[in-house]
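**Student:** What follows is structure-v6.tsv, TSV, N, CA and C atoms.
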chain	number	residue	atom	x	y	z
D	1	MET	N	18.27	-2.02	9.89
D	1	MET	CA	17.24	-1.44	10.74
D	1	MET	C	17.46	0.06	10.94
D	2	ILE	N	18.71	0.45	11.17
D	2	ILE	CA	18.99	1.86	11.39
D	2	ILE	C	18.68	2.67	10.14
D	3	TYR	N	19.02	2.12	8.95
D	3	TYR	CA	18.71	2.83	7.70
D	3	TYR	C	17.22	3.07	7.58
D	4	GLU	N	16.43	2.06	7.87
D	4	GLU	CA	14.98	2.20	7.78
D	4	GLU	C	14.48	3.25	8.77
D	5	ASP	N	15.05	3.30	9.96
D	5	ASP	CA	14.63	4.30	10.95
D	5	ASP	C	14.92	5.71	10.45
D	6	VAL	N	16.10	5.92	9.86
D	6	VAL	CA	16.48	7.23	9.33
D	6	VAL	C	15.56	7.59	8.17
D	7	GLU	N	15.31	6.65	7.27
D	7	GLU	CA	14.42	6.87	6.15
D	7	GLU	C	13.00	7.18	6.62
D	8	LEU	N	12.57	6.48	7.63
D	8	LEU	CA	11.24	6.68	8.20
D	8	LEU	C	11.11	8.10	8.76
D	9	MET	N	12.11	8.55	9.47
D	9	MET	CA	12.10	9.91	10.03
D	9	MET	C	12.06	10.95	8.91
D	10	LYS	N	12.86	10.74	7.87
D	10	LYS	CA	12.90	11.66	6.74
D	10	LYS	C	11.54	11.74	6.05
D	11	LEU	N	10.94	10.59	5.82
D	11	LEU	CA	9.65	10.54	5.14
D	11	LEU	C	8.52	11.10	6.00
D	12	THR	N	8.60	10.91	7.29
D	12	THR	CA	7.59	11.46	8.20
D	12	THR	C	7.62	12.99	8.14
D	13	LYS	N	8.82	13.56	8.08
D	13	LYS	CA	8.94	15.02	7.95
D	13	LYS	C	8.37	15.47	6.61
D	14	GLU	N	8.69	14.73	5.54
D	14	GLU	CA	8.18	15.08	4.21
D	14	GLU	C	6.65	14.98	4.17
D	15	LEU	N	6.10	13.95	4.81
D	15	LEU	CA	4.64	13.80	4.86
D	15	LEU	C	4.00	14.99	5.56
D	16	THR	N	4.61	15.46	6.62
D	16	THR	CA	4.10	16.63	7.34
D	16	THR	C	4.09	17.86	6.44
D	17	VAL	N	5.15	18.03	5.65
D	17	VAL	CA	5.25	19.18	4.75
D	17	VAL	C	4.16	19.12	3.68
D	18	VAL	N	4.01	17.97	3.02
D	18	VAL	CA	3.01	17.89	1.94
D	18	VAL	C	1.59	17.96	2.51
D	19	HIS	N	1.41	17.48	3.73
D	19	HIS	CA	0.11	17.59	4.40
D	19	HIS	C	-0.26	19.06	4.56
D	20	LYS	N	0.70	19.87	5.01
D	20	LYS	CA	0.46	21.31	5.18
D	20	LYS	C	0.22	21.98	3.83
D	21	GLU	N	0.96	21.58	2.80
D	21	GLU	CA	0.75	22.15	1.46
D	21	GLU	C	-0.66	21.83	0.96
D	22	TYR	N	-1.10	20.61	1.21
D	22	TYR	CA	-2.45	20.20	0.79
D	22	TYR	C	-3.50	21.05	1.52
D	23	GLU	N	-3.33	21.20	2.81
D	23	GLU	CA	-4.29	22.00	3.58
D	23	GLU	C	-4.26	23.47	3.17
D	24	ASN	N	-3.10	23.97	2.78
D	24	ASN	CA	-3.03	25.35	2.30
D	24	ASN	C	-3.83	25.50	1.00
D	25	LYS	N	-3.84	24.46	0.19
D	25	LYS	CA	-4.54	24.52	-1.09
D	25	LYS	C	-6.04	24.25	-0.93
D	26	PHE	N	-6.41	23.25	-0.13
D	26	PHE	CA	-7.80	22.80	-0.06
D	26	PHE	C	-8.51	23.16	1.23
D	27	GLY	N	-7.80	23.76	2.16
D	27	GLY	CA	-8.43	24.19	3.41
D	27	GLY	C	-8.01	23.34	4.61
D	28	LYS	N	-7.95	24.00	5.75
D	28	LYS	CA	-7.57	23.33	6.99
D	28	LYS	C	-8.58	22.21	7.30
D	29	GLY	N	-8.06	21.06	7.65
D	29	GLY	CA	-8.90	19.93	7.99
D	29	GLY	C	-9.39	19.15	6.78
D	30	SER	N	-8.91	19.52	5.59
D	30	SER	CA	-9.39	18.85	4.37
D	30	SER	C	-8.90	17.41	4.25
D	31	LEU	N	-7.96	17.01	5.09
D	31	LEU	CA	-7.51	15.62	5.09
D	31	LEU	C	-8.08	14.84	6.28
D	32	ASN	N	-8.95	15.48	7.05
D	32	ASN	CA	-9.62	14.76	8.14
D	32	ASN	C	-10.51	13.68	7.54
D	33	ARG	N	-10.66	12.61	8.23
D	33	ARG	CA	-11.49	11.47	7.81
D	33	ARG	C	-10.98	10.83	6.52
D	34	ARG	N	-9.69	10.90	6.31
D	34	ARG	CA	-9.05	10.24	5.17
D	34	ARG	C	-8.47	8.92	5.66
D	35	ILE	N	-8.70	7.85	4.91
D	35	ILE	CA	-8.09	6.56	5.23
D	35	ILE	C	-6.74	6.50	4.52
D	36	TRP	N	-5.69	6.33	5.30
D	36	TRP	CA	-4.32	6.32	4.76
D	36	TRP	C	-3.80	4.91	4.60
D	37	HIS	N	-2.75	4.79	3.81
D	37	HIS	CA	-2.07	3.51	3.65
D	37	HIS	C	-1.20	3.23	4.87
D	38	ASN	N	-0.67	4.29	5.46
D	38	ASN	CA	0.26	4.17	6.56
D	38	ASN	C	-0.45	3.81	7.87
D	39	ASP	N	0.08	2.84	8.57
D	39	ASP	CA	-0.41	2.47	9.89
D	39	ASP	C	0.38	3.27	10.92
D	40	PRO	N	-0.26	4.18	11.66
D	40	PRO	CA	0.48	5.02	12.60
D	40	PRO	C	1.14	4.23	13.74
D	41	VAL	N	0.63	3.05	14.04
D	41	VAL	CA	1.21	2.23	15.10
D	41	VAL	C	2.46	1.50	14.62
D	42	HIS	N	2.42	1.07	13.36
D	42	HIS	CA	3.55	0.34	12.76
D	42	HIS	C	3.90	1.00	11.43
D	43	PRO	N	4.56	2.17	11.48
D	43	PRO	CA	4.86	2.88	10.25
D	43	PRO	C	5.74	2.07	9.30
D	44	ASN	N	5.50	2.27	8.03
D	44	ASN	CA	6.19	1.52	6.99
D	44	ASN	C	6.64	2.52	5.92
D	45	VAL	N	7.90	2.43	5.51
D	45	VAL	CA	8.47	3.36	4.55
D	45	VAL	C	7.66	3.40	3.25
D	46	GLU	N	7.33	2.26	2.72
D	46	GLU	CA	6.61	2.20	1.44
D	46	GLU	C	5.21	2.80	1.55
D	47	ASP	N	4.53	2.57	2.65
D	47	ASP	CA	3.20	3.14	2.84
D	47	ASP	C	3.25	4.66	2.92
D	48	ILE	N	4.23	5.18	3.62
D	48	ILE	CA	4.37	6.64	3.74
D	48	ILE	C	4.68	7.23	2.38
D	49	LYS	N	5.55	6.57	1.62
D	49	LYS	CA	5.87	7.05	0.26
D	49	LYS	C	4.60	7.11	-0.59
D	50	GLN	N	3.75	6.12	-0.47
D	50	GLN	CA	2.51	6.08	-1.24
D	50	GLN	C	1.59	7.23	-0.83
D	51	ASP	N	1.49	7.50	0.46
D	51	ASP	CA	0.66	8.61	0.93
D	51	ASP	C	1.20	9.95	0.42
D	52	ILE	N	2.51	10.13	0.46
D	52	ILE	CA	3.14	11.36	-0.03
D	52	ILE	C	2.84	11.53	-1.51
D	53	GLU	N	2.98	10.47	-2.27
D	53	GLU	CA	2.73	10.52	-3.71
D	53	GLU	C	1.27	10.90	-4.00
D	54	GLU	N	0.34	10.31	-3.27
D	54	GLU	CA	-1.08	10.63	-3.48
D	54	GLU	C	-1.37	12.10	-3.17
D	55	ILE	N	-0.82	12.60	-2.10
D	55	ILE	CA	-1.04	14.01	-1.74
D	55	ILE	C	-0.43	14.92	-2.80
D	56	ASN	N	0.79	14.64	-3.21
D	56	ASN	CA	1.45	15.46	-4.23
D	56	ASN	C	0.66	15.45	-5.54
D	57	ASN	N	0.16	14.29	-5.94
D	57	ASN	CA	-0.63	14.20	-7.18
D	57	ASN	C	-1.92	15.01	-7.06
D	58	ALA	N	-2.55	14.96	-5.90
D	58	ALA	CA	-3.77	15.73	-5.68
D	58	ALA	C	-3.50	17.23	-5.79
D	59	ILE	N	-2.39	17.66	-5.23
D	59	ILE	CA	-2.02	19.08	-5.29
D	59	ILE	C	-1.76	19.48	-6.74
D	60	LYS	N	-1.00	18.66	-7.46
D	60	LYS	CA	-0.64	18.98	-8.86
D	60	LYS	C	-1.86	18.99	-9.78
D	61	THR	N	-2.79	18.08	-9.56
D	61	THR	CA	-3.96	17.98	-10.44
D	61	THR	C	-5.13	18.83	-9.96
D	62	ASP	N	-4.96	19.44	-8.80
D	62	ASP	CA	-6.00	20.29	-8.21
D	62	ASP	C	-7.29	19.49	-7.93
D	63	LYS	N	-7.12	18.23	-7.50
D	63	LYS	CA	-8.27	17.38	-7.17
D	63	LYS	C	-8.15	16.91	-5.73
D	64	LYS	N	-9.18	17.19	-4.94
D	64	LYS	CA	-9.18	16.76	-3.54
D	64	LYS	C	-9.21	15.24	-3.45
D	65	LEU	N	-8.57	14.74	-2.42
D	65	LEU	CA	-8.60	13.30	-2.16
D	65	LEU	C	-9.93	12.94	-1.50
D	66	PRO	N	-10.43	11.74	-1.76
D	66	PRO	CA	-11.70	11.34	-1.13
D	66	PRO	C	-11.54	11.16	0.38
D	67	THR	N	-12.59	11.53	1.09
D	67	THR	CA	-12.64	11.33	2.54
D	67	THR	C	-13.98	10.69	2.87
D	68	LEU	N	-14.06	10.15	4.05
D	68	LEU	CA	-15.31	9.54	4.50
D	68	LEU	C	-16.26	10.59	5.06
D	69	SER	N	-17.52	10.33	4.95
D	69	SER	CA	-18.51	11.22	5.56
D	69	SER	C	-18.41	11.09	7.08
D	70	PRO	N	-18.85	12.09	7.81
D	70	PRO	CA	-18.82	11.98	9.28
D	70	PRO	C	-19.56	10.75	9.79
D	71	GLU	N	-20.67	10.40	9.14
D	71	GLU	CA	-21.45	9.23	9.57
D	71	GLU	C	-20.64	7.93	9.40
D	72	ASN	N	-20.00	7.78	8.25
D	72	ASN	CA	-19.20	6.58	8.02
D	72	ASN	C	-17.95	6.55	8.89
D	73	TRP	N	-17.38	7.72	9.15
D	73	TRP	CA	-16.19	7.79	10.00
D	73	TRP	C	-16.50	7.27	11.41
D	74	LYS	N	-17.70	7.59	11.91
D	74	LYS	CA	-18.09	7.15	13.25
D	74	LYS	C	-18.27	5.64	13.33
D	75	ARG	N	-18.50	5.01	12.20
D	75	ARG	CA	-18.71	3.55	12.18
D	75	ARG	C	-17.42	2.75	12.23
D	76	ILE	N	-16.31	3.39	11.96
D	76	ILE	CA	-15.02	2.70	11.92
D	76	ILE	C	-14.55	2.41	13.35
D	77	ILE	N	-14.09	1.21	13.56
D	77	ILE	CA	-13.53	0.82	14.85
D	77	ILE	C	-12.01	0.78	14.69
D	78	PHE	N	-11.34	1.62	15.46
D	78	PHE	CA	-9.88	1.67	15.39
D	78	PHE	C	-9.26	0.83	16.47
Could you take the file, read its structure, and then write that structure out as structure tokens?
**Tutor:**
Amino acid sequence: MIYEDVELMKLTKELTVVHKEYENKFGKGSLNRRIWHNDPVHPNVEDIKQDIEEINNAIKTDKKLPTLSPENWKRIIF
């Protein structure tokens, strides 16, 4: 359990870094209305790794990740 907590903290920091790199490339707020693999209430190491990988691939390939339209975002019940 402790190993997973340490890994989770490390990956959360890495996710923050790549998130900022993505926004620097594609604009502030460019990841708004994005559906992530990671559940913020119950974070999971593998889900965060997948999100980091997707962001890094988008940066490398210069392709924005898909996001929901404002209309569809309003329809989601969290």
**Student:** Which residue out of D:Leu65, D:Ile77, D:Leu8, D:Val17 has the minimum interatomic distance to Ile48 of chain D when only C-alpha atoms are used?
**Tutor:**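 Of all the options, D:Leu8 lies closest to Ile48 of chain D.
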**Student:** In chain D, what's helix (DSSP H, G or I) per DSSP? Answer as number ranges by chain?
**Tutor:** D: 2-26, 45-61, 70-75
**Student:** For Lys49 of chain D, please output as a PyMOL selection string all residues within 8 Å (counting only N, CA and C atoms; exclusion window: fewer than 5 positions along the same chain).
**Tutor:** chain D and resi 11-12+15+38+44+54-55
**Student:** Using only C-alpha atoms, which of the listed residues (D:Lys63, D:Phe78, D:Glu53, D:Leu68) sits closest to Ile35 of chain D?
**Tutor:** D:Leu68
**Student:** Counting only N, CA and C atoms, figure out which residue out of D:Asn72, D:Asn57, D:Gln50, D:Asn24 gets nearest to His37 of chain D.
**Tutor:** D:Gln50
**Student:** So, counting only N, CA and C atoms, which residue among D:Ala58, D:Val41, D:Ile52, D:Ile76 is closest to Thr16 of chain D?
**Tutor:**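 Among D:Ala58, D:Val41, D:Ile52, D:Ile76, it is D:Ile52 that comes nearest to Thr16 of chain D.
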**Student:** Between atom C of Asp5 of chain D and atom C of Glu46 of chain D, what is the distance, to one decimal in Å?
**Tutor:**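 Separation between atom C of Asp5 of chain D and atom C of Glu46 of chain D: 13.5 Å.
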**Student:** Pick out the residues sitting within 8 Å of Pro66 of chain D, and hand them over as an NGL selection string; count all atoms listed in the file, and ignore anything fewer than 5 positions along from it in its own chain.
**Tutor:** :D and (30-35)
**Student:** Could segment 7-27 of chain D be completed with N, CA, C and O atoms and returned as a compact mmCIF listing (two decimals), in the coordinates of the input?
**Tutor:**
# COMPACT_ATOMS: atom_id res chain seq x y z
N GLU D 7 15.31 6.65 7.27
CA GLU D 7 14.42 6.87 6.15
C GLU D 7 13.00 7.18 6.62
O GLU D 7 12.33 8.06 6.09
N LEU D 8 12.57 6.48 7.63
CA LEU D 8 11.24 6.68 8.20
C LEU D 8 11.11 8.10 8.76
O LEU D 8 10.11 8.77 8.54
N MET D 9 12.11 8.55 9.47
CA MET D 9 12.10 9.91 10.03
C MET D 9 12.06 10.95 8.91
O MET D 9 11.30 11.92 8.98
N LYS D 10 12.86 10.74 7.87
CA LYS D 10 12.90 11.66 6.74
C LYS D 10 11.54 11.74 6.05
O LYS D 10 11.03 12.81 5.76
N LEU D 11 10.94 10.59 5.82
CA LEU D 11 9.65 10.54 5.14
C LEU D 11 8.52 11.10 6.00
O LEU D 11 7.59 11.72 5.48
N THR D 12 8.60 10.91 7.29
CA THR D 12 7.59 11.46 8.20
C THR D 12 7.62 12.99 8.14
O THR D 12 6.57 13.63 8.10
N LYS D 13 8.82 13.56 8.08
CA LYS D 13 8.94 15.02 7.95
C LYS D 13 8.37 15.47 6.61
O LYS D 13 7.66 16.47 6.53
N GLU D 14 8.69 14.73 5.54
CA GLU D 14 8.18 15.08 4.21
C GLU D 14 6.65 14.98 4.17
O GLU D 14 5.98 15.83 3.58
N LEU D 15 6.10 13.95 4.81
CA LEU D 15 4.64 13.80 4.86
C LEU D 15 4.00 14.99 5.56
O LEU D 15 2.97 15.50 5.12
N THR D 16 4.61 15.46 6.62
CA THR D 16 4.10 16.63 7.34
C THR D 16 4.09 17.86 6.44
O THR D 16 3.12 18.63 6.42
N VAL D 17 5.15 18.03 5.65
CA VAL D 17 5.25 19.18 4.75
C VAL D 17 4.16 19.12 3.68
O VAL D 17 3.46 20.11 3.44
N VAL D 18 4.01 17.97 3.02
CA VAL D 18 3.01 17.89 1.94
C VAL D 18 1.59 17.96 2.51
O VAL D 18 0.69 18.46 1.85
N HIS D 19 1.41 17.48 3.73
CA HIS D 19 0.11 17.59 4.40
C HIS D 19 -0.26 19.06 4.56
O HIS D 19 -1.39 19.48 4.27
N LYS D 20 0.70 19.87 5.01
CA LYS D 20 0.46 21.31 5.18
C LYS D 20 0.22 21.98 3.83
O LYS D 20 -0.65 22.86 3.72
N GLU D 21 0.96 21.58 2.80
CA GLU D 21 0.75 22.15 1.46
C GLU D 21 -0.66 21.83 0.96
O GLU D 21 -1.32 22.68 0.37
N TYR D 22 -1.10 20.61 1.21
CA TYR D 22 -2.45 20.20 0.79
C TYR D 22 -3.50 21.05 1.52
O TYR D 22 -4.44 21.55 0.90
N GLU D 23 -3.33 21.20 2.81
CA GLU D 23 -4.29 22.00 3.58
C GLU D 23 -4.26 23.47 3.17
O GLU D 23 -5.29 24.13 3.20
N ASN D 24 -3.10 23.97 2.78
CA ASN D 24 -3.03 25.35 2.30
C ASN D 24 -3.83 25.50 1.00
O ASN D 24 -4.43 26.54 0.77
N LYS D 25 -3.84 24.46 0.19
CA LYS D 25 -4.54 24.52 -1.09
C LYS D 25 -6.04 24.25 -0.93
O LYS D 25 -6.86 24.93 -1.54
N PHE D 26 -6.41 23.25 -0.13
CA PHE D 26 -7.80 22.80 -0.06
C PHE D 26 -8.51 23.16 1.23
O PHE D 26 -9.70 22.88 1.39
N GLY D 27 -7.80 23.76 2.16
CA GLY D 27 -8.43 24.19 3.41
C GLY D 27 -8.01 23.34 4.61
O GLY D 27 -7.75 22.14 4.49
